[in-house]
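> Take this structure first; my questions come after.
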Amino acid sequence: MTKRQQQMDAVVVQASGPPAQALAIRSEPVPEPGPGEVLVEVHAAAVNPLDLANTAGLLGTPLPVIPGVDFAGVVVADGELNGQEVWGSAPQLGMKRPGTHARYVALPETWLSRKPERLTMAEAGAVGRPYLAAWETLIEAGQLKPGETVLITGGAGSVGQAATAIARWRGAKSIIAGTRKPDSAEHFIDISSNDLREAVLELTDGRGADMVLDTVGGALFEPAVTSLRFGGRLTGLHSHERVEVDLVDIYSYERHITGLASVFMDGAHCANIFDQLAALFDRAILTPPAIETWPLENSAEAYQTVQDGSAGIKQVLLPIGAAA
């Protein structure tokens with residue numbers, strides 16, 4: 001890399017706050033890979049709610065910091081990996097180390113997965129965190145089995161759409177609960193006009209769901225718990241409010257409740273998940289989400305679009321101005 005190339009454009013969180021005030025585009029030093037690491041030129045990187053939480057100061061990340069956890073790009077380093085197209089997501093990025101909303105990012109080799117050939121860089125950069133969370137909750141932790149029924153709250157969101165696709169591949173039946181019906185939903189419960197538990201029991205012949213993926217939390221948590229069958233399991237992603245639940249509904253029905261603290265996931269474990277996802281995308285079993293792309297200089301607008309609610313459309317930054 002020449003002297004002229006040792007600086008790069010990057011999004012920087014300067015101070016906690018709303019995107020327009022918190023974010024700036026700055027010239028930053030190109031990161032120096034350490035032992036066992038490589039430099040990746042980032043072609044595409046999604047903006048996620050986690051990035052917004054980081055920008056708002058909710059994660060306690062020391063500032064200034066380059067945010068971003070998802071990526072698709074090309075390895076630019078000496079050795080056998082040079083030129084390899086890679087993708088993935090690592091929760092430590094943008095918090096414990098510089099993130100992916102920049103021209104370059106340094107990553108451990110063990111965090112890399114080969115990008116699916118069927119996907120463009122922008123599509124690959126959009127898969128990231130939603131599919132990682134959906135796979136970890138349904139497959140790794142939840143051990144979802146063919147023929148089971150999974151209730152997905154907030155199913156129209158990015159994680160919900162990813163979970164629905166993964167459940168379909170697994171041979172499981174999905175019930176989507178929310179206020180907006182996704183186009184792909186076969187079984188949908190409008191929570192604004194239906195009792196969630198009663199509707200789930202009706203769709204499962206009185207048995208209840210085998211599993212719940214609760215992407216919403218809050219007031220939906222208690223009815224989601226009681227929608228489970230005896231011995232059923234629930235994984236929650238987050239909740240911004242305190243809830244009350246009768247422990248009898250958990251203990252007496254031997255229901256299993258857990259959560260996903262994705263910010264603590266190991267980068268190599270994440271790469272292993274992306275290896276499995278890549279095979280499914282290359283076989284067209286899974287398809288990428290709808291995307292909207294932004295140049296790096298418009299990153300604050302992309303962040304704001306996510307904050308305002310982008311209806312399941314992934315907002316993707318293109319740090320080198322690649323075409324979608």
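To be explicit about the labels: the chains of the structure tokens are called A, B, and onward in the order shown, and within each one the residues are counted from 1, while ligands get numbers from 1 in the order they are shown.
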When DSSP is applied to the backbone of this structure, which of stretch 34-253 of chain A are assigned strand (DSSP E or B)? Write them out as JSON, numbers by chain.
{"A": [37, 38, 39, 40, 41, 42, 43, 44, 45, 46, 47, 65, 70, 71, 72, 73, 74, 75, 85, 86, 87, 88, 89, 93, 97, 102, 104, 105, 106, 107, 108, 113, 114, 149, 150, 151, 152, 153, 173, 174, 175, 176, 177, 178, 188, 189, 190, 209, 210, 211, 212, 213, 214, 228, 229, 230, 231, 232, 233, 234, 235, 236]}
> Would you mind reading off the distance between atom CA of A:Ala268 and atom CA of A:Val40, one decimal, in Å?
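Distance between the two atoms: 16.1 Å.
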> Leaving out A:Ala165 and any residue of its chain fewer than 4 positions from it, which residues lie within 9 Å of it when counting only C-alpha atoms, given as a ChimeraX atom specification?
/A:160-161,169-170,184,285-287
> Ranking A:Gly147, A:Pro29, A:Pro116, A:Pro182 by minimum distance to A:Glu85 and counting only C-alpha atoms, which one comes first?
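Closest residue, counting only C-alpha atoms: A:Pro116.
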> I need the residues in stretch 99-232 of chain A that are helix (DSSP H, G or I) according to DSSP; give them as a PyMOL selection string.
chain A and resi 109-111+121-141+158-170+196-203+218-226
> Within 10 Å of stretch 71-84 of chain A, counting only C-alpha atoms, which residues show up once you throw out same-chain ones fewer than 2 positions away? Write them as a PyMOL selection string, please.
chain A and resi 1+33+37-46+68-69+86-90+99-101+103-107+109+112-115+120-129+316-318
> Residues near stretch 212-226 of chain A, anyone? I mean within 6 Å using only C-alpha atoms, not counting same-chain ones fewer than 3 positions away, as a ChimeraX atom specification.
/A:150-154,197,234-237,239,241,245
> Applying 10 Å and only C-alpha atoms, which residues near A:Ile139 remain after dropping the ones on its own chain fewer than 6 positions away? List them as a PyMOL selection string.
chain A and resi 133+145+163+166-167+170+273
> Between atom CA of A:Gly57 and atom CA of A:Gly17, what distance in Å does the model show, to one decimal?
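About the pair atom CA of A:Gly57 and atom CA of A:Gly17: they are 7.0 Å apart.
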> At a cut-off of 10 Å, using only C-alpha atoms, what residues contact A:Gln21? Leave out same-chain residues fewer than 6 positions from it and give the result as a list in words.
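Using only C-alpha atoms, the neighbours found are Val13, Gln14, Ala15, Thr55 and Ala300 of chain A.
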> Save out the residues we just selected, N, CA and C atoms, as a PDB file, in the first residue's frame.

ATOM      1  N   VAL A  13     -18.144   7.572  15.032  1.00  0.00           N
ATOM      2  CA  VAL A  13     -19.038   8.063  16.077  1.00  0.00           C
ATOM      3  C   VAL A  13     -18.207   8.989  16.957  1.00  0.00           C
ATOM      4  N   GLN A  14     -18.493  10.297  16.869  1.00  0.00           N
ATOM      5  CA  GLN A  14     -17.708  11.284  17.615  1.00  0.00           C
ATOM      6  C   GLN A  14     -18.228  11.467  19.031  1.00  0.00           C
ATOM      7  N   ALA A  15     -19.555  11.463  19.169  1.00  0.00           N
ATOM      8  CA  ALA A  15     -20.196  11.634  20.469  1.00  0.00           C
ATOM      9  C   ALA A  15     -21.556  10.959  20.402  1.00  0.00           C
ATOM     10  N   THR A  55     -24.323   4.083  18.463  1.00  0.00           N
ATOM     11  CA  THR A  55     -24.270   5.518  18.204  1.00  0.00           C
ATOM     12  C   THR A  55     -24.945   6.311  19.320  1.00  0.00           C
ATOM     13  N   ALA A 300     -25.112   9.040   7.688  1.00  0.00           N
ATOM     14  CA  ALA A 300     -26.050   9.526   8.698  1.00  0.00           C
ATOM     15  C   ALA A 300     -27.486   9.353   8.222  1.00  0.00           C
TER      16      ALA A 300
END
> Which value, in Å to one decimal, gives the distance between atom CA of A:Arg207 and atom CA of A:Glu148?
11.4 Å
> For A:Leu260, which of A:Thr305, A:Ser192, A:Ser299, A:Thr137 is the closest residue, counting only C-alpha atoms?
A:Thr137
> In terms of the shortest atom-to-atom distance over only C-alpha atoms, which of A:Gly267, A:Ala102, A:Ser16, A:Val47 is closest to A:Val30?
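Of the candidates, the smallest distance to A:Val30 is held by A:Ala102.
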> Between A:Val263, A:Val12, A:Ile191, A:Val159, which one has atoms that come closest to A:Tyr131, using only C-alpha atoms?
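Smallest distance to A:Tyr131 is found for A:Val159.
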> Using only C-alpha atoms, find the one residue out of A:Gly312, A:Gly208, A:Pro67, A:Gly178 that sits nearest to A:Asn54.
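Checking each candidate against A:Asn54, we get A:Pro67 as the closest.
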